[in-house]
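See below for the structure under consideration.
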Amino acid sequence: MDRTIGTLIKIAVPIVIGVVVILILNSITSASCLNDFEGCLVDGGMDTDLAGLIAISLGVVLVATFPLLVTILLIWIERKFAARIQDRIGPNRVGPIGLVQPLADVVKLLGKEDITPAGADKWLYNASPVMMVMSVLLIWAVMPLTPYHYGIDLEIGILYFIAVASIGTLAVIMAGWSSNNKYALLGAFRVVAQLISYEVPLALALLVPVMLAGSMSMVGIVEAQAGMWFLFSAPIAAFLFFISSQAETGRAPFDLLEAESELVAGYNIEYSGMKFAMFFAGEFMHVFTNGVLMAVIFTGGWYGPFAREAPLLAFTYLMLKSGFWYLLSLLMRNALPRVRIDQLMTFNWKFLVPLSIANLLMTAFLLKLVQEGGLAPSPEEASDFIANIPQTVVLFLGNVALAAFVMTLIRNQGREERLAEDAGEPSDLTVTPAPAGD
Amino acid sequence: MTFGDLTYEAFAFGFFTILTLGGALGVVANRNLVRGAVWLIVSLFGVAGYFVLLSAPFLAAVQVLVYIGAIGILFTFAVMLTRSMTNLNERYNQQWWIAAVTSIALFGMLVLLVILPVFGEQETAVSDVVATTADLGVALVSGDAYVLPFEVASLLLTAAMIGAIVIAREEE
């Protein structure tokens with residue numbers, strides 16, 4: 001009993017301190033120029049055009065630096081998390097509870113020799129790590145961090161996200177080819193198959209929140225969740241997006257592109273020092289960015305009590321929600337074994353893609369039905385929780401029905417396979433090794 | 001137009017022009033096919049920049065998604081699989097004069113069509129209304145706009161996809 005109280009105090013004290021710090025910081029920032037930097041410069045007597053340029057440039061630097069800085073902390077969280085699952089302690093030597101370990105790693109990586117293989121295509125070889133990081137950083141441009149702070153409110157935000165994410169695929173291919181190494185090239189080939197395949201359910205799953213919000217803008221999607229999170233009206237879409245975005249990052253259980261046991265290390269085998277680290281920084285950032293995207297698209301982004309009055313509180317809500325999804329994907333990474341390439345493809349094309357199409361059609365049909373039936377909330381009460389309940393219940397039941405149907409199909413197929421296996425027939429899941437020379 | 005008229009848009013236009021033309025030059029001047037494909041991607045990226053300057057963000061995103069994300073990767077992938085093609089030594093093949101005549105004729109026609117209207121009667125702009133992505137979506141599926149071409153194109157693409165699957169399928 002004493003222990004429970006002790007744990008509760010341990011949890012409660014940081015929360016209380018955190019809230020106090022946020023409130024103090026918020027009262028400082030709302031009084032200063034942070035919320036309207038451009039207007040502040042113009043008030044100070046600066047040329048309007050120049051003020052705009054400076055404000056935009058500073059915004060770009062801020063938005064691009066934030067995820068890079070978070071990554072340093074994420075490396076520590078990831079290593080600690082993996083260590084706990086594997087019954088180890090993890091980094092604990094540098095700084096308090098090993099917190100400064102990533103900084104030490106960065107210094108070490110910067111000091112390492114920077115090798116370019118003799119047969120490599122120098123330009124592409126050096127450009128690939130930059131493009132890898134760039135493709136993830138570009139996503140942050142449309143991310144609504146608070147009600148008032150975001151890079152840009154593009155009306156095609158979702159499409160923009162899918163477009164810039166595809167640059168990452170290109171970076172991996174270029175890295176694999178320019179290294180002039182067979183294993184690197186093999187890794188790159190796997191990337192094409194995997195990343196392009198999983199873009200299909202990803203895009204189809206994203207169409208559902210776009211439909212619910214009636215907008216492709218990220219800001220618009222967050223605003224549309226004022227009354228109800230899309231997680232409740234589109235759980236299957238959230239599930240599909242979560243799975244396929246995990247596959248897009250190329251981590252376990254989908255880490256075939258850098259399968260250590262088969263490909264030595266995959267596409268980044270020839271890279272050393274900081275260039276190698278940039279691929280990993282890109283990957284860590286991508287995982288966290290996916291968490292933020294899950295928070296923004298499905299769990300209401302910055303919405304929470306008093307979010308509009310206190311932008312920093314809104315930002316904290318966003319980070320807490322993202323943190324939840326981030327830890328979930330870390331759990332997935334550490335708990336599940338790597339899948340085989342044929343299982344990967346079967347899972348995508350025979351399960352995720354049909355499910356995402358069925359889910360899209362069902363949601364479109366039900367949404368129209370709800371709107372025609374007058375159950376949908378009117379535009380005035382769209383941010384009211386109660387008014388959103390009928391529509392959400394209908395959509396949620398639709399999702400449950402679809403999930404039950406799919407589960408039954410899978411169960412029946414599994415049963416047939418087990419029966420066939422008992423009868424001595426080889427099932428689809430066991431692969432006989434190819435004879436030598438084939 | 002004096003130097004004082006130069007806006008940030010003009011600088012951006014210049015930047016994207018350098019990307020587009022420089023990339024295109026890289027495609028034809030490079031002997032390494034993979035590098036050529038990468039230059040092509042640079043060039044197409046410049047075109048996406050033009051769409052942004054023309055207030056057509058949807059087209060810009062689709063340009064990046066389709067031409068860089070799909071076609072660029074497909075090119076790179078196909079070229080990589082043909083390793084003997086990546087290091088060509090001959091600069092010309094036997095059909096070089098056909099290519100030269102075609103490109104010069106095409107270039108002449110395009111230049112004429114771009115330059116002539118500048119000297120002729122000044123026409124007013126077609127429309128100064130900036131259409132939103134929603135307008136574009138409605139136009140694609142509305143009965144009195146582009147629904148027929150849209151559906152025919154999707155049918156064609158579906159047929160092409162099924163055809164590709166049939167060809168690639170192993171005999172059973």
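The chains in the structure tokens are called A, B, ... from first to last as shown; in each chain the residues are counted from 1, and the ligands are counted from 1 in the order shown.
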*Can you check which residues of chain A have any atom within 8 Å of chain B? Use only C-alpha atoms and format it as a ChimeraX atom specification.*
/A:154-156,159-160,162-164,166-167,169-170,173,177,189
Write the residues of the selection above to a file with N, CA and C atoms, as a PDB file, in the first residue's frame.
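Below is the file result-v7.pdb, written as the result:
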```pdb
ATOM      1  N   LEU A 154      -1.478  24.306 -45.750  1.00  0.00           N
ATOM      2  CA  LEU A 154      -1.748  23.957 -47.147  1.00  0.00           C
ATOM      3  C   LEU A 154      -3.130  23.326 -47.232  1.00  0.00           C
ATOM      4  N   GLU A 155      -3.888  23.679 -48.296  1.00  0.00           N
ATOM      5  CA  GLU A 155      -5.205  23.056 -48.421  1.00  0.00           C
ATOM      6  C   GLU A 155      -5.083  21.616 -48.891  1.00  0.00           C
ATOM      7  N   ILE A 156      -3.870  21.191 -49.257  1.00  0.00           N
ATOM      8  CA  ILE A 156      -3.665  19.809 -49.702  1.00  0.00           C
ATOM      9  C   ILE A 156      -2.712  19.106 -48.747  1.00  0.00           C
ATOM     10  N   LEU A 159      -2.056  15.317 -48.963  1.00  0.00           N
ATOM     11  CA  LEU A 159      -1.408  14.943 -50.220  1.00  0.00           C
ATOM     12  C   LEU A 159       0.063  15.334 -50.182  1.00  0.00           C
ATOM     13  N   TYR A 160       0.325  16.504 -49.605  1.00  0.00           N
ATOM     14  CA  TYR A 160       1.701  16.982 -49.458  1.00  0.00           C
ATOM     15  C   TYR A 160       2.515  15.988 -48.631  1.00  0.00           C
ATOM     16  N   ILE A 162       2.010  12.756 -48.264  1.00  0.00           N
ATOM     17  CA  ILE A 162       2.292  11.539 -49.028  1.00  0.00           C
ATOM     18  C   ILE A 162       3.363  11.814 -50.080  1.00  0.00           C
ATOM     19  N   ALA A 163       3.315  13.022 -50.690  1.00  0.00           N
ATOM     20  CA  ALA A 163       4.265  13.349 -51.751  1.00  0.00           C
ATOM     21  C   ALA A 163       5.682  13.438 -51.207  1.00  0.00           C
ATOM     22  N   VAL A 164       5.889  14.179 -50.109  1.00  0.00           N
ATOM     23  CA  VAL A 164       7.264  14.338 -49.627  1.00  0.00           C
ATOM     24  C   VAL A 164       7.781  13.053 -48.998  1.00  0.00           C
ATOM     25  N   SER A 166       7.451  10.217 -50.201  1.00  0.00           N
ATOM     26  CA  SER A 166       7.961   9.347 -51.260  1.00  0.00           C
ATOM     27  C   SER A 166       9.396   9.712 -51.623  1.00  0.00           C
ATOM     28  N   ILE A 167       9.854  10.918 -51.236  1.00  0.00           N
ATOM     29  CA  ILE A 167      11.248  11.288 -51.502  1.00  0.00           C
ATOM     30  C   ILE A 167      12.197  10.395 -50.691  1.00  0.00           C
ATOM     31  N   THR A 169      11.885   7.223 -50.115  1.00  0.00           N
ATOM     32  CA  THR A 169      12.119   6.005 -50.889  1.00  0.00           C
ATOM     33  C   THR A 169      13.253   6.222 -51.881  1.00  0.00           C
ATOM     34  N   LEU A 170      13.210   7.367 -52.543  1.00  0.00           N
ATOM     35  CA  LEU A 170      14.223   7.701 -53.544  1.00  0.00           C
ATOM     36  C   LEU A 170      15.600   7.771 -52.897  1.00  0.00           C
ATOM     37  N   ILE A 173      16.932   4.263 -52.351  1.00  0.00           N
ATOM     38  CA  ILE A 173      17.366   3.638 -53.608  1.00  0.00           C
ATOM     39  C   ILE A 173      18.705   4.200 -54.043  1.00  0.00           C
ATOM     40  N   TRP A 177      22.218   2.196 -54.596  1.00  0.00           N
ATOM     41  CA  TRP A 177      22.884   2.079 -55.886  1.00  0.00           C
ATOM     42  C   TRP A 177      24.261   2.730 -55.868  1.00  0.00           C
ATOM     43  N   PHE A 189      16.524  -2.743 -53.416  1.00  0.00           N
ATOM     44  CA  PHE A 189      15.429  -3.368 -54.183  1.00  0.00           C
ATOM     45  C   PHE A 189      14.269  -3.734 -53.270  1.00  0.00           C
TER      46      PHE A 189
END
```
*asked:* Excluding His149 of chain A and its own-chain neighbours fewer than 3 positions away, which residues fall within 12 Å of it when counting only C-alpha atoms? Please give them as a ChimeraX atom specification.
replied: /A:34-37,59-60,62-63,140-146,152-153,219,302,308,310-312,314-315
Using DSSP on the backbone coordinates, identify the residues of segment 221-360 of chain A assigned to alpha helix (DSSP H); present them as an mmCIF file with C-alpha atoms, in the first residue's frame.
```
data_model
loop_
_atom_site.group_PDB
_atom_site.id
_atom_site.type_symbol
_atom_site.label_atom_id
_atom_site.label_comp_id
_atom_site.auth_asym_id
_atom_site.auth_seq_id
_atom_site.Cartn_x
_atom_site.Cartn_y
_atom_site.Cartn_z
ATOM 1 C CA ILE A 221 -8.565 18.009 -39.919
ATOM 2 C CA VAL A 222 -7.606 19.003 -36.370
ATOM 3 C CA GLU A 223 -10.373 21.615 -36.239
ATOM 4 C CA ALA A 224 -12.878 18.988 -37.411
ATOM 5 C CA PHE A 230 -11.562 10.419 -35.568
ATOM 6 C CA LEU A 231 -10.103 7.452 -33.698
ATOM 7 C CA PHE A 232 -13.665 6.667 -32.558
ATOM 8 C CA SER A 233 -15.414 7.215 -35.871
ATOM 9 C CA PRO A 235 -10.811 2.972 -35.818
ATOM 10 C CA ILE A 236 -9.998 0.697 -38.763
ATOM 11 C CA ALA A 237 -8.499 3.590 -40.722
ATOM 12 C CA ALA A 238 -6.383 4.482 -37.684
ATOM 13 C CA PHE A 239 -5.236 0.863 -37.409
ATOM 14 C CA LEU A 240 -4.370 0.711 -41.124
ATOM 15 C CA PHE A 241 -2.489 3.996 -40.975
ATOM 16 C CA PHE A 242 -0.567 2.950 -37.894
ATOM 17 C CA ILE A 243 0.517 -0.378 -39.414
ATOM 18 C CA SER A 244 1.452 0.973 -42.825
ATOM 19 C CA SER A 245 3.297 3.972 -41.430
ATOM 20 C CA GLN A 246 5.305 1.581 -39.251
ATOM 21 C CA ALA A 247 6.145 -0.302 -42.444
ATOM 22 C CA GLU A 248 7.102 2.966 -44.150
ATOM 23 C CA THR A 249 9.738 3.619 -41.499
ATOM 24 C CA GLU A 260 21.242 -7.719 -40.540
ATOM 25 C CA SER A 261 21.274 -11.490 -40.807
ATOM 26 C CA GLU A 262 20.559 -11.580 -44.530
ATOM 27 C CA LEU A 263 21.921 -8.388 -46.049
ATOM 28 C CA GLY A 273 30.324 8.238 -39.306
ATOM 29 C CA MET A 274 27.819 11.043 -39.473
ATOM 30 C CA LYS A 275 26.397 10.048 -42.854
ATOM 31 C CA PHE A 276 25.412 6.691 -41.398
ATOM 32 C CA ALA A 277 23.990 8.500 -38.399
ATOM 33 C CA MET A 278 21.870 10.699 -40.639
ATOM 34 C CA PHE A 279 20.025 7.653 -41.990
ATOM 35 C CA PHE A 280 19.305 6.645 -38.423
ATOM 36 C CA ALA A 281 18.371 10.157 -37.377
ATOM 37 C CA GLY A 282 15.961 10.149 -40.315
ATOM 38 C CA GLU A 283 14.506 6.829 -39.165
ATOM 39 C CA PHE A 284 14.100 7.904 -35.515
ATOM 40 C CA MET A 285 12.521 11.153 -36.625
ATOM 41 C CA HIS A 286 10.220 9.312 -39.003
ATOM 42 C CA VAL A 287 8.906 7.095 -36.193
ATOM 43 C CA PHE A 288 8.200 10.093 -33.990
ATOM 44 C CA THR A 289 6.709 12.024 -36.918
ATOM 45 C CA ASN A 290 4.350 9.115 -37.490
ATOM 46 C CA GLY A 291 3.326 9.373 -33.837
ATOM 47 C CA VAL A 292 2.605 13.076 -34.307
ATOM 48 C CA LEU A 293 0.661 12.314 -37.478
ATOM 49 C CA MET A 294 -1.429 9.728 -35.615
ATOM 50 C CA ALA A 295 -2.097 12.367 -32.957
ATOM 51 C CA VAL A 296 -2.961 15.064 -35.489
ATOM 52 C CA ILE A 297 -5.104 12.976 -37.824
ATOM 53 C CA PHE A 298 -6.835 10.564 -35.461
ATOM 54 C CA PRO A 311 -0.878 27.529 -26.832
ATOM 55 C CA LEU A 312 1.900 25.876 -24.840
ATOM 56 C CA LEU A 313 -0.643 23.649 -23.129
ATOM 57 C CA ALA A 314 -1.991 22.753 -26.590
ATOM 58 C CA PHE A 315 1.542 21.835 -27.666
ATOM 59 C CA THR A 316 1.904 19.680 -24.542
ATOM 60 C CA TYR A 317 -1.312 17.823 -25.387
ATOM 61 C CA LEU A 318 -0.014 17.157 -28.888
ATOM 62 C CA MET A 319 3.305 15.866 -27.560
ATOM 63 C CA LEU A 320 1.583 13.643 -24.970
ATOM 64 C CA LYS A 321 -0.665 12.094 -27.613
ATOM 65 C CA SER A 322 2.266 11.652 -29.993
ATOM 66 C CA GLY A 323 4.278 10.127 -27.170
ATOM 67 C CA PHE A 324 1.577 7.523 -26.627
ATOM 68 C CA TRP A 325 1.598 6.440 -30.288
ATOM 69 C CA TYR A 326 5.394 6.604 -30.370
ATOM 70 C CA LEU A 327 5.703 4.264 -27.379
ATOM 71 C CA LEU A 328 3.149 1.925 -28.947
ATOM 72 C CA SER A 329 5.255 1.659 -32.088
ATOM 73 C CA LEU A 330 8.372 1.095 -29.951
ATOM 74 C CA LEU A 331 6.540 -1.741 -28.208
ATOM 75 C CA MET A 332 5.591 -3.191 -31.581
ATOM 76 C CA ARG A 333 9.186 -2.930 -32.750
ATOM 77 C CA ASN A 334 10.623 -4.689 -29.732
ATOM 78 C CA ALA A 335 7.961 -7.322 -29.196
ATOM 79 C CA ILE A 341 9.373 -11.042 -47.558
ATOM 80 C CA ASP A 342 6.500 -13.177 -48.923
ATOM 81 C CA GLN A 343 4.565 -12.784 -45.664
ATOM 82 C CA LEU A 344 5.154 -9.045 -45.878
ATOM 83 C CA MET A 345 3.726 -8.853 -49.386
ATOM 84 C CA THR A 346 0.835 -11.216 -48.652
ATOM 85 C CA VAL A 353 -5.265 -3.260 -49.258
ATOM 86 C CA PRO A 354 -8.632 -5.086 -49.520
ATOM 87 C CA LEU A 355 -9.465 -4.034 -45.970
ATOM 88 C CA SER A 356 -8.623 -0.401 -46.679
ATOM 89 C CA ILE A 357 -10.766 -0.380 -49.828
ATOM 90 C CA ALA A 358 -13.699 -2.006 -48.008
ATOM 91 C CA ASN A 359 -13.269 0.427 -45.129
ATOM 92 C CA LEU A 360 -13.210 3.410 -47.488
#
```
*Hey, can you check how far atom CA of Val370 of chain A sits from atom CA of Val394 of chain A?*
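Atom CA of Val394 of chain A lies 7.7 Å from atom CA of Val370 of chain A.
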*So how far away is atom CA of Leu53 of chain A from atom CA of Gly39 of chain A, in Å?*
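Atom-to-atom, atom CA of Gly39 of chain A to atom CA of Leu53 of chain A, that is 12.2 Å.
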